[in-house]
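Shown next: structure34.txt, containing compact mmCIF, C-alpha atoms.
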```txt
# COMPACT_ATOMS: atom_id res chain seq x y z
CA MET A 1 -116.10 12.16 25.03
CA ARG A 2 -113.39 10.93 22.74
CA MET A 3 -109.65 11.04 22.55
CA ASP A 4 -106.99 10.46 19.92
CA TYR A 5 -103.81 8.74 20.98
CA PHE A 6 -100.91 9.79 18.75
CA VAL A 7 -98.53 6.88 19.20
CA GLU A 8 -94.93 6.73 17.93
CA PHE A 9 -93.46 3.27 18.44
CA ALA A 10 -89.90 4.58 18.70
CA SER A 11 -90.82 6.61 21.79
CA THR A 12 -89.88 5.36 25.22
CA TYR A 13 -92.52 7.26 27.17
CA ALA A 14 -95.18 6.26 24.64
CA TYR A 15 -94.46 2.63 25.56
CA LEU A 16 -95.69 3.33 29.09
CA ALA A 17 -98.81 5.01 27.74
CA THR A 18 -99.47 2.25 25.23
CA MET A 19 -99.46 -0.40 27.93
CA ARG A 20 -102.13 1.26 30.05
CA ILE A 21 -104.18 3.56 27.84
CA GLU A 22 -106.81 1.07 26.67
CA ALA A 23 -107.77 -0.03 30.18
CA GLU A 24 -107.78 3.51 31.54
CA ALA A 25 -109.82 4.96 28.69
CA GLN A 26 -112.35 2.19 29.09
CA LYS A 27 -112.59 2.80 32.82
CA ALA A 28 -113.09 6.52 32.16
CA GLY A 29 -115.70 5.84 29.49
CA VAL A 30 -113.68 7.70 26.86
CA ALA A 31 -113.74 6.47 23.25
CA LEU A 32 -110.16 6.00 22.12
CA THR A 33 -108.69 6.20 18.62
CA TRP A 34 -105.18 4.87 18.13
CA ARG A 35 -103.35 7.07 15.64
CA PRO A 36 -99.89 5.75 14.83
CA PHE A 37 -97.75 8.58 13.44
CA LEU A 38 -94.11 9.46 12.86
CA LEU A 39 -92.23 12.05 14.88
CA GLY A 40 -89.41 12.20 12.33
CA PRO A 41 -91.14 14.62 9.94
CA ILE A 42 -92.33 16.73 12.88
CA PHE A 43 -88.83 16.92 14.34
CA ALA A 44 -87.47 17.71 10.86
CA ALA A 45 -89.95 20.60 10.53
CA GLN A 46 -88.49 21.95 13.80
CA GLY A 47 -84.98 21.68 12.40
CA TRP A 48 -84.00 18.48 14.19
CA ASN A 49 -82.50 15.59 12.27
CA ASN A 50 -82.47 13.34 15.33
CA SER A 51 -84.25 12.74 18.62
CA PRO A 52 -83.88 15.57 21.13
CA PHE A 53 -82.71 12.89 23.55
CA ASN A 54 -79.68 12.36 21.32
CA LEU A 55 -79.21 16.02 20.42
CA TYR A 56 -79.26 17.04 24.10
CA PRO A 57 -77.33 14.41 26.09
CA ALA A 58 -78.38 15.69 29.54
CA LYS A 59 -82.02 15.34 28.49
CA GLY A 60 -81.29 11.86 27.15
CA ARG A 61 -79.57 10.70 30.34
CA PHE A 62 -82.47 12.01 32.40
CA MET A 63 -85.02 10.31 30.18
CA PHE A 64 -83.46 6.86 30.38
CA ARG A 65 -83.15 7.09 34.17
CA ASP A 66 -86.69 8.45 34.44
CA MET A 67 -87.95 5.60 32.27
CA GLU A 68 -86.35 3.06 34.61
CA ARG A 69 -88.10 4.64 37.57
CA ARG A 70 -91.47 5.00 35.87
CA ALA A 71 -91.48 1.53 34.32
CA ALA A 72 -90.67 0.04 37.73
CA ALA A 73 -93.57 1.97 39.28
CA LEU A 74 -95.89 0.53 36.63
CA ASN A 75 -94.46 -2.98 37.04
CA LEU A 76 -93.30 -2.98 33.43
CA PRO A 77 -89.95 -4.21 32.16
CA PHE A 78 -87.72 -1.64 30.47
CA LYS A 79 -84.81 -2.62 28.30
CA ARG A 80 -82.75 -0.78 25.75
CA GLY A 81 -81.65 -3.33 23.19
CA GLU A 82 -77.95 -3.53 22.37
CA GLY A 83 -77.28 -2.59 18.78
CA VAL A 84 -80.82 -1.29 18.31
CA ASP A 85 -81.00 2.22 16.85
CA PHE A 86 -82.39 4.98 19.04
CA PRO A 87 -84.64 6.24 17.77
CA VAL A 88 -85.50 3.12 15.85
CA ASN A 89 -86.93 3.47 12.35
CA SER A 90 -90.60 2.94 13.15
CA LEU A 91 -92.03 3.46 9.69
CA VAL A 92 -92.85 -0.17 8.94
CA ALA A 93 -94.08 -0.83 12.48
CA ALA A 94 -96.48 2.11 12.16
CA ARG A 95 -97.84 0.82 8.86
CA TRP A 96 -98.29 -2.69 10.27
CA ALA A 97 -100.06 -1.14 13.26
CA LEU A 98 -102.43 0.79 11.01
CA ALA A 99 -103.19 -2.44 9.16
CA ALA A 100 -103.71 -4.27 12.45
CA LEU A 101 -106.00 -1.50 13.71
CA THR A 102 -108.52 -2.40 11.01
CA SER A 103 -109.14 -5.50 13.17
CA PRO A 104 -110.19 -5.82 16.82
CA GLN A 105 -106.69 -7.04 17.69
CA GLY A 106 -105.19 -3.69 16.70
CA PRO A 107 -104.60 -2.31 20.21
CA ALA A 108 -103.14 -5.65 21.34
CA PHE A 109 -100.78 -5.56 18.36
CA CYS A 110 -99.70 -2.01 19.30
CA ARG A 111 -99.00 -3.18 22.85
CA ALA A 112 -97.04 -6.15 21.53
CA VAL A 113 -94.88 -3.88 19.33
CA HIS A 114 -94.15 -1.41 22.08
CA ALA A 115 -93.47 -4.21 24.59
CA ALA A 116 -91.12 -5.92 22.12
CA HIS A 117 -89.19 -2.70 21.57
CA TRP A 118 -88.97 -1.19 25.06
CA GLY A 119 -89.87 -4.10 27.30
CA GLN A 120 -87.59 -6.63 25.58
CA GLY A 121 -85.19 -4.37 23.70
CA ARG A 122 -86.02 -5.91 20.31
CA ASP A 123 -85.50 -4.15 16.99
CA ILE A 124 -88.95 -3.34 15.64
CA ALA A 125 -87.44 -2.10 12.37
CA LYS A 126 -87.16 -5.82 11.52
CA THR A 127 -90.22 -7.41 9.99
CA GLU A 128 -89.52 -10.72 11.73
CA VAL A 129 -90.00 -8.95 15.07
CA LEU A 130 -93.27 -7.44 13.84
CA ALA A 131 -94.30 -10.90 12.63
CA ASP A 132 -93.74 -12.29 16.14
CA CYS A 133 -95.92 -9.50 17.53
CA ALA A 134 -98.67 -10.31 15.04
CA ARG A 135 -98.64 -14.02 15.88
CA ALA A 136 -98.65 -13.26 19.60
CA VAL A 137 -102.02 -11.50 19.23
CA GLY A 138 -103.56 -13.92 16.76
CA LEU A 139 -102.94 -11.97 13.57
CA ASP A 140 -101.43 -13.43 10.40
CA PRO A 141 -98.06 -11.78 9.69
CA ALA A 142 -98.42 -12.46 5.97
CA VAL A 143 -101.72 -10.61 5.89
CA LEU A 144 -100.31 -7.61 7.76
CA ALA A 145 -97.17 -7.54 5.62
CA ALA A 146 -99.33 -7.49 2.51
CA ALA A 147 -101.69 -4.83 3.89
CA ALA A 148 -99.04 -2.53 5.36
CA PRO A 149 -97.93 -0.75 2.17
CA GLU A 150 -101.53 0.36 1.59
CA GLN A 151 -101.35 2.25 4.89
CA LYS A 152 -98.80 4.71 3.55
CA ALA A 153 -101.41 7.43 2.99
CA ALA A 154 -103.08 6.80 6.36
CA LEU A 155 -99.75 7.16 8.15
CA ARG A 156 -99.01 10.37 6.30
CA ALA A 157 -102.51 11.64 7.17
CA ASN A 158 -102.00 10.90 10.88
CA THR A 159 -98.63 12.64 10.88
CA ASP A 160 -100.09 15.67 9.08
CA ALA A 161 -103.04 15.73 11.51
CA ALA A 162 -100.66 15.56 14.46
CA MET A 163 -98.70 18.50 13.15
CA ALA A 164 -101.88 20.48 12.49
CA LEU A 165 -103.05 19.80 16.06
CA GLY A 166 -99.77 21.13 17.44
CA VAL A 167 -98.23 17.79 18.38
CA PHE A 168 -94.46 18.15 18.86
CA GLY A 169 -93.60 14.98 20.82
CA ALA A 170 -94.90 11.60 21.93
CA PRO A 171 -96.99 10.34 23.48
CA SER A 172 -99.62 12.96 22.71
CA PHE A 173 -103.32 12.87 23.46
CA VAL A 174 -105.95 15.06 21.85
CA VAL A 175 -109.28 15.40 23.62
CA TYR A 176 -112.42 16.40 21.76
CA ARG A 177 -115.39 17.78 23.64
CA ASP A 178 -118.49 19.21 22.04
CA GLY A 179 -118.20 22.90 21.30
CA ALA A 180 -114.62 23.19 22.50
CA ALA A 181 -111.34 23.37 20.63
CA PRO A 182 -109.33 20.14 20.73
CA GLU A 183 -107.13 19.98 23.84
CA LEU A 184 -103.58 18.69 23.44
CA PHE A 185 -101.86 16.79 26.23
CA TRP A 186 -98.25 15.67 26.02
CA GLY A 187 -96.27 13.10 27.92
CA GLU A 188 -97.13 9.84 29.57
CA ASP A 189 -97.70 11.63 32.86
CA GLN A 190 -100.51 13.66 31.24
CA LEU A 191 -102.53 10.61 30.19
CA THR A 192 -104.60 10.67 33.35
CA ASP A 193 -105.05 14.45 32.98
CA ALA A 194 -106.24 13.97 29.41
CA LEU A 195 -108.81 11.36 30.39
CA HIS A 196 -110.07 13.50 33.22
CA TRP A 197 -110.35 16.44 30.84
CA ALA A 198 -112.33 14.28 28.43
CA GLN A 199 -114.74 13.46 31.23
CA THR A 200 -115.05 16.88 32.88
CA GLY A 201 -113.46 19.62 30.74
CA ARG A 202 -110.97 20.40 33.48
CA LEU A 203 -107.94 19.01 35.29
CA ARG A 204 -108.14 17.22 38.59
CA ARG A 205 -107.55 19.53 41.51
CA MET B 1 -84.16 12.98 53.39
CA ARG B 2 -83.32 16.22 51.69
CA MET B 3 -84.01 17.86 48.37
CA ASP B 4 -82.59 20.74 46.37
CA TYR B 5 -85.02 22.89 44.43
CA PHE B 6 -83.32 24.43 41.40
CA VAL B 7 -85.53 27.43 40.75
CA GLU B 8 -85.35 29.73 37.72
CA PHE B 9 -87.63 32.73 38.13
CA ALA B 10 -88.14 33.14 34.38
CA SER B 11 -89.73 29.68 34.16
CA THR B 12 -93.49 29.36 33.94
CA TYR B 13 -93.74 25.83 35.30
CA ALA B 14 -91.32 26.68 38.11
CA TYR B 15 -93.85 29.28 39.27
CA LEU B 16 -96.34 26.49 39.98
CA ALA B 17 -93.70 24.52 41.88
CA THR B 18 -92.55 27.57 43.82
CA MET B 19 -96.04 28.25 45.10
CA ARG B 20 -96.52 24.81 46.61
CA ILE B 21 -93.12 23.28 47.27
CA GLU B 22 -92.55 24.59 50.79
CA ALA B 23 -95.87 23.29 52.14
CA GLU B 24 -95.52 19.93 50.41
CA ALA B 25 -91.92 19.37 51.49
CA GLN B 26 -92.86 20.19 55.06
CA LYS B 27 -95.79 17.77 54.92
CA ALA B 28 -93.48 15.07 53.55
CA GLY B 29 -90.83 15.76 56.17
CA VAL B 30 -88.23 16.52 53.52
CA ALA B 31 -85.59 19.20 54.18
CA LEU B 32 -85.67 21.65 51.30
CA THR B 33 -82.89 23.86 49.96
CA TRP B 34 -83.88 26.62 47.55
CA ARG B 35 -81.19 26.97 44.89
CA PRO B 36 -81.88 29.86 42.51
CA PHE B 37 -79.97 29.32 39.28
CA LEU B 38 -79.96 30.50 35.67
CA LEU B 39 -81.04 28.36 32.75
CA GLY B 40 -79.43 30.70 30.23
CA PRO B 41 -75.90 29.30 30.56
CA ILE B 42 -77.27 25.75 30.54
CA PHE B 43 -79.28 26.39 27.38
CA ALA B 44 -76.25 28.09 25.84
CA ALA B 45 -74.13 25.00 26.57
CA GLN B 46 -76.73 23.00 24.61
CA GLY B 47 -76.48 25.41 21.70
CA TRP B 48 -79.65 27.38 22.41
CA ASN B 49 -79.56 31.15 22.53
CA ASN B 50 -83.20 31.37 23.61
CA SER B 51 -85.90 29.43 25.44
CA PRO B 52 -86.96 26.21 23.70
CA PHE B 53 -90.50 27.57 24.00
CA ASN B 54 -89.50 30.38 21.64
CA LEU B 55 -87.27 28.25 19.43
CA TYR B 56 -90.01 25.65 18.95
CA PRO B 57 -93.34 27.48 18.55
CA ALA B 58 -95.54 24.35 18.82
CA LYS B 59 -93.90 23.57 22.16
CA GLY B 60 -94.41 27.18 23.24
CA ARG B 61 -98.10 27.23 22.31
CA PHE B 62 -98.64 23.98 24.17
CA MET B 63 -96.83 25.26 27.26
CA PHE B 64 -98.86 28.45 27.59
CA ARG B 65 -102.14 26.54 27.20
CA ASP B 66 -100.95 23.85 29.59
CA MET B 67 -99.98 26.53 32.12
CA GLU B 68 -103.50 28.00 31.95
CA ARG B 69 -104.97 24.59 32.68
CA ARG B 70 -102.55 23.72 35.45
CA ALA B 71 -102.69 27.09 37.18
CA ALA B 72 -106.49 26.88 37.18
CA ALA B 73 -106.31 23.42 38.75
CA LEU B 74 -104.07 24.80 41.49
CA ASN B 75 -106.28 27.88 41.96
CA LEU B 76 -103.41 30.15 40.99
CA PRO B 77 -103.62 33.16 38.70
CA PHE B 78 -101.59 33.01 35.50
CA LYS B 79 -100.82 36.07 33.47
CA ARG B 80 -98.29 36.81 30.77
CA GLY B 81 -97.42 40.48 31.08
CA GLU B 82 -97.68 42.62 27.96
CA GLY B 83 -94.31 43.95 26.94
CA VAL B 84 -92.48 41.69 29.38
CA ASP B 85 -89.67 39.67 27.81
CA PHE B 86 -90.05 35.91 27.66
CA PRO B 87 -87.86 34.59 29.00
CA VAL B 88 -87.32 37.54 31.29
CA ASN B 89 -83.80 38.39 32.37
CA SER B 90 -83.86 36.80 35.83
CA LEU B 91 -80.26 37.49 36.84
CA VAL B 92 -80.98 40.26 39.34
CA ALA B 93 -84.06 38.48 40.71
CA ALA B 94 -81.93 35.37 41.36
CA ARG B 95 -79.28 37.39 43.20
CA TRP B 96 -81.93 39.16 45.30
CA ALA B 97 -83.44 35.76 46.06
CA LEU B 98 -80.09 34.39 47.20
CA ALA B 99 -79.66 37.40 49.44
CA ALA B 100 -83.21 36.94 50.79
CA LEU B 101 -82.55 33.25 51.42
CA THR B 102 -79.99 34.18 54.05
CA SER B 103 -83.05 35.19 56.13
CA PRO B 104 -86.12 33.18 57.18
CA GLN B 105 -88.25 35.20 54.74
CA GLY B 106 -86.31 33.78 51.78
CA PRO B 107 -88.90 31.26 50.56
CA ALA B 108 -91.68 33.86 50.93
CA PHE B 109 -89.62 36.28 48.85
CA CYS B 110 -89.16 33.60 46.15
CA ARG B 111 -92.92 33.04 46.09
CA ALA B 112 -93.51 36.79 45.86
CA VAL B 113 -91.14 37.09 42.89
CA HIS B 114 -92.64 34.17 41.00
CA ALA B 115 -96.18 35.34 41.78
CA ALA B 116 -95.34 38.86 40.60
CA HIS B 117 -93.94 37.53 37.33
CA TRP B 118 -96.38 34.77 36.37
CA GLY B 119 -99.36 35.48 38.60
CA GLN B 120 -99.50 39.22 37.86
CA GLY B 121 -97.47 39.50 34.68
CA ARG B 122 -94.98 41.95 36.17
CA ASP B 123 -91.45 42.49 34.87
CA ILE B 124 -89.11 41.03 37.46
CA ALA B 125 -86.09 42.36 35.56
CA LYS B 126 -87.00 45.72 37.16
CA THR B 127 -85.61 46.35 40.61
CA GLU B 128 -88.72 48.31 41.62
CA VAL B 129 -90.75 45.11 41.16
CA LEU B 130 -88.27 43.16 43.26
CA ALA B 131 -88.45 45.93 45.86
CA ASP B 132 -92.24 45.51 46.05
CA CYS B 133 -91.72 41.77 46.56
CA ALA B 134 -89.26 42.43 49.36
CA ARG B 135 -91.57 44.84 51.17
CA ALA B 136 -94.47 42.42 50.79
CA VAL B 137 -92.62 39.81 52.85
CA GLY B 138 -91.12 42.20 55.38
CA LEU B 139 -87.65 42.55 53.91
CA ASP B 140 -85.89 45.86 53.32
CA PRO B 141 -85.35 46.40 49.58
CA ALA B 142 -82.34 48.60 50.24
CA VAL B 143 -80.67 45.82 52.21
CA LEU B 144 -81.36 43.24 49.49
CA ALA B 145 -80.22 45.58 46.73
CA ALA B 146 -76.96 46.14 48.60
CA ALA B 147 -76.45 42.44 49.34
CA ALA B 148 -77.40 41.12 45.89
CA PRO B 149 -74.10 41.82 44.07
CA GLU B 150 -72.28 39.73 46.67
CA GLN B 151 -74.38 36.76 45.57
CA LYS B 152 -72.77 36.65 42.15
CA ALA B 153 -70.49 33.75 43.08
CA ALA B 154 -73.28 31.84 44.83
CA LEU B 155 -75.49 32.13 41.74
CA ARG B 156 -72.68 30.94 39.53
CA ALA B 157 -72.06 28.03 41.93
CA ASN B 158 -75.74 26.99 41.85
CA THR B 159 -75.78 27.13 38.05
CA ASP B 160 -72.57 25.10 37.84
CA ALA B 161 -73.95 22.58 40.36
CA ALA B 162 -77.16 22.28 38.36
CA MET B 163 -75.22 21.54 35.20
CA ALA B 164 -73.03 19.00 37.00
CA LEU B 165 -76.15 17.26 38.35
CA GLY B 166 -77.57 16.99 34.83
CA VAL B 167 -80.19 19.72 35.12
CA PHE B 168 -81.37 20.83 31.67
CA GLY B 169 -84.63 22.64 32.46
CA ALA B 170 -86.73 24.08 35.26
CA PRO B 171 -88.13 23.39 37.70
CA SER B 172 -85.70 20.65 38.70
CA PHE B 173 -85.52 18.76 41.96
CA VAL B 174 -82.54 16.75 43.17
CA VAL B 175 -83.15 14.20 45.90
CA TYR B 176 -80.35 12.99 48.16
CA ARG B 177 -80.70 9.75 50.05
CA ASP B 178 -77.94 8.11 52.05
CA GLY B 179 -75.78 5.82 49.98
CA ALA B 180 -77.54 6.54 46.72
CA ALA B 181 -76.61 8.75 43.78
CA PRO B 182 -78.58 12.02 43.63
CA GLU B 183 -81.87 11.55 41.77
CA LEU B 184 -82.93 14.24 39.32
CA PHE B 185 -86.59 15.05 38.73
CA TRP B 186 -87.75 17.58 36.15
CA GLY B 187 -90.98 19.43 35.69
CA GLU B 188 -93.62 20.72 38.03
CA ASP B 189 -95.57 17.50 37.62
CA GLN B 190 -92.62 15.55 39.09
CA LEU B 191 -92.54 17.50 42.35
CA THR B 192 -94.77 14.99 44.10
CA ASP B 193 -92.71 12.13 42.65
CA ALA B 194 -89.51 13.74 43.94
CA LEU B 195 -90.90 14.13 47.45
CA HIS B 196 -92.13 10.55 47.47
CA TRP B 197 -88.71 9.40 46.28
CA ALA B 198 -87.07 11.37 49.09
CA GLN B 199 -89.29 9.56 51.56
CA THR B 200 -89.18 6.05 50.13
CA GLY B 201 -86.52 5.71 47.42
CA ARG B 202 -89.16 4.85 44.86
CA LEU B 203 -92.05 6.31 42.91
CA ARG B 204 -95.65 5.96 43.94
CA ARG B 205 -97.33 3.04 42.25
```
Starting from the file, give its structure as structure tokens.
Amino acid sequence: MRMDYFVEFASTYAYLATMRIEAEAQKAGVALTWRPFLLGPIFAAQGWNNSPFNLYPAKGRFMFRDMERRAAALNLPFKRGEGVDFPVNSLVAARWALAALTSPQGPAFCRAVHAAHWGQGRDIAKTEVLADCARAVGLDPAVLAAAAPEQKAALRANTDAAMALGVFGAPSFVVYRDGAAPELFWGEDQLTDALHWAQTGRLRR
Amino acid sequence: MRMDYFVEFASTYAYLATMRIEAEAQKAGVALTWRPFLLGPIFAAQGWNNSPFNLYPAKGRFMFRDMERRAAALNLPFKRGEGVDFPVNSLVAARWALAALTSPQGPAFCRAVHAAHWGQGRDIAKTEVLADCARAVGLDPAVLAAAAPEQKAALRANTDAAMALGVFGAPSFVVYRDGAAPELFWGEDQLTDALHWAQTGRLRR
């Protein structure tokens, strides 16, 4: 019973998943692999040069209101930073995360990055913000900054794997059960479904 | 505490909502208004000349697999009819539904149409299929067929209202609470959220 979490740090809904996935996977007894990836190349392959939330304003307005409601229900802050790009360029954050995930503090670093971006409205395209996240979880920013460029291939591999698995948005969860094809779940509200599927091979009734 | 259900009979996920919304709204004590509408003009306004599930194949593959899983969890059949257009032309079905909704059998007719299309894979663009649905719920097909053209303006009004409320997909639910702006919920998995919002003005925690 294992699950891949395809996490894109620019994504609003992924922030909500990031903040609760570790605890819920542990409770469900599901082994979790954090797989930072980039939606940009996947959107580009679909012919989009921007987030669908920008391309389709009604969808964007709904999403930001829905995020307010959902974050409140989870007791999480939600803040869109003034002057911060949406979607933010998450390339460097993803590489830092991959470097951090070679240590036990990796998931905590991922939470810190997502919380900085969508909980505090900070610009995670800036390495000083990533450095703050590293320090907050006991990692050395200089070490991560030095290790991040080496994660270029790993980030590409995760993005390619996501595309091959049919991922088209974030957050996405892929559940692997013996003898069955991988099952893709999409959206923060399918996290619980995905974990239940990992445990039982079906959805809750 | 009242809620509008914007229902598009071509929509797969709306089928799941249609089959359970009446019972759940009643249980929650929320007054429900069925508002058949057409997504086509809303998609066209966004620059789409087709369903996003056709335009974006990865999204489409995910949706059909997700529908299988979700229908199974709700103990509902799910069948894509061979040779039936996707999305089906739901214009006549929507007008028949509006005519049916002037009688107490309206919601049952809506369920029959959605169940015919996505439970049995039938082509609801054909009036003989709609006639079967009418007879199944004790309505006279000849009466509906005669009344349907008069619903042209009502269907247009529902579609315009949906667009004005920010609807961009189906199923959509709009909750009205005294003194508050209408709250839009989207997707079958937000039906329970919408009903809880209607009752309490917040999401479940």
Q: Measure the distance from CA of Leu16 in chain B to CA of Gly121 in chain B in Å and round it to one decimal.
A: 14.1 Å
Can you list every residue of chain A that has an atom at most 6 Å from chain B, with its nearest atom pair and the distance in Å to one decimal, using only C-alpha atoms, ordered by chain then number, as a tab-separated table?
```
residue	atom	partner	partner_atom	distance
A:Ala58	CA	B:Gly166	CA	5.5
A:Ala73	CA	B:Arg205	CA	4.9
A:Gly166	CA	B:Ala58	CA	5.5
A:Leu203	CA	B:Ala73	CA	5.8
A:Arg205	CA	B:Ala73	CA	4.9
```
Q.
Just to confirm, what's the straight-line distance from CA of Pro87 in chain B to CA of Ser51 in chain B in Å (one decimal)?
A. 6.6 Å
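With only C-alpha atoms as the basis for measurement, B:Phe6 is the residue among B:Phe109, B:Trp96, B:Phe6, B:Trp118 that approaches Pro171 in chain B most closely.
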Kindly list the centre and edge lengths in Å, rounded to one decimal, for the axis-aligned box that covers all listed atoms of range 157-161 of chain A plus 3 Å on each of its six sides, as lines of an AutoDock Vina configuration file.
```
center_x = -100.8
center_y = 13.3
center_z = 9.3
size_x = 10.4
size_y = 10.8
size_z = 10.3
```
Q.
Nearest residue to Val7 in chain B out of B:Val113, B:Ala181, B:Leu38, B:Ala161, using only C-alpha atoms?
A. B:Leu38
Q: Between A:Tyr176, A:Ala108, A:Arg35, A:Leu195, single out the one closest to Ala136 in chain A, counting only C-alpha atoms.
A: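 Looking at the shortest contact to Ala136 in chain A, the residue is A:Ala108.
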Q: Can you work out which one of B:Asn50, B:Phe78, B:Thr18, B:His117 has the shortest atom-to-atom distance to Gly187 in chain B, counting only C-alpha atoms?
A: B:Thr18
What lies within 9 Å of Thr127 in chain B using all atoms listed in the file, ignoring chain neighbours under 4 positions off, as a PDB file with C-alpha atoms, in the frame of the given file?
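Saved to out.pdb:
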```pdb
ATOM      1  CA  VAL B  92     -80.980  40.260  39.340  1.00  0.00           C
ATOM      2  CA  ALA B  93     -84.060  38.480  40.710  1.00  0.00           C
ATOM      3  CA  ALA B 131     -88.450  45.930  45.860  1.00  0.00           C
ATOM      4  CA  ASP B 132     -92.240  45.510  46.050  1.00  0.00           C
ATOM      5  CA  PRO B 141     -85.350  46.400  49.580  1.00  0.00           C
ATOM      6  CA  ALA B 145     -80.220  45.580  46.730  1.00  0.00           C
TER       7      ALA B 145
END
```
(Q) Need the shell around Val137 in chain A: protein/DNA/RNA residues with any atom at most 10 Å away, counting all atoms listed in the file. Skip same-chain ones fewer than 6 positions apart. Format as a list in words? (A)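 The neighbour list is Gln105, Gly106, Pro107, Ala108, Phe109, Cys110, Arg111 and Ala112 of chain A.
Here CA of Ala23 in chain A is placed at a distance of 11.6 Å from CA of Thr192 in chain A.
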**Q.** From A:Leu101, A:Arg177, A:Glu82, A:Ala116, residue lying nearest Ala148 in chain A [all atoms listed in the file]
**A.**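 Looking only at the distances to Ala148 in chain A, the closest residue turns out to be A:Leu101.
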Q: Take the point (-103.3, 3.4, 6.5) as written in the file and pick out every residue within 10 Å of it, counting all atoms listed in the file; give the list as a PyMOL selection string.
A: chain A and resi 35-36+94-102+147-158
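Comparing B:Ala162, B:Leu144, B:Ala198, B:Ala134 by their smallest distance to Asp178 in chain B, the closest is B:Ala198 (using all atoms listed in the file).
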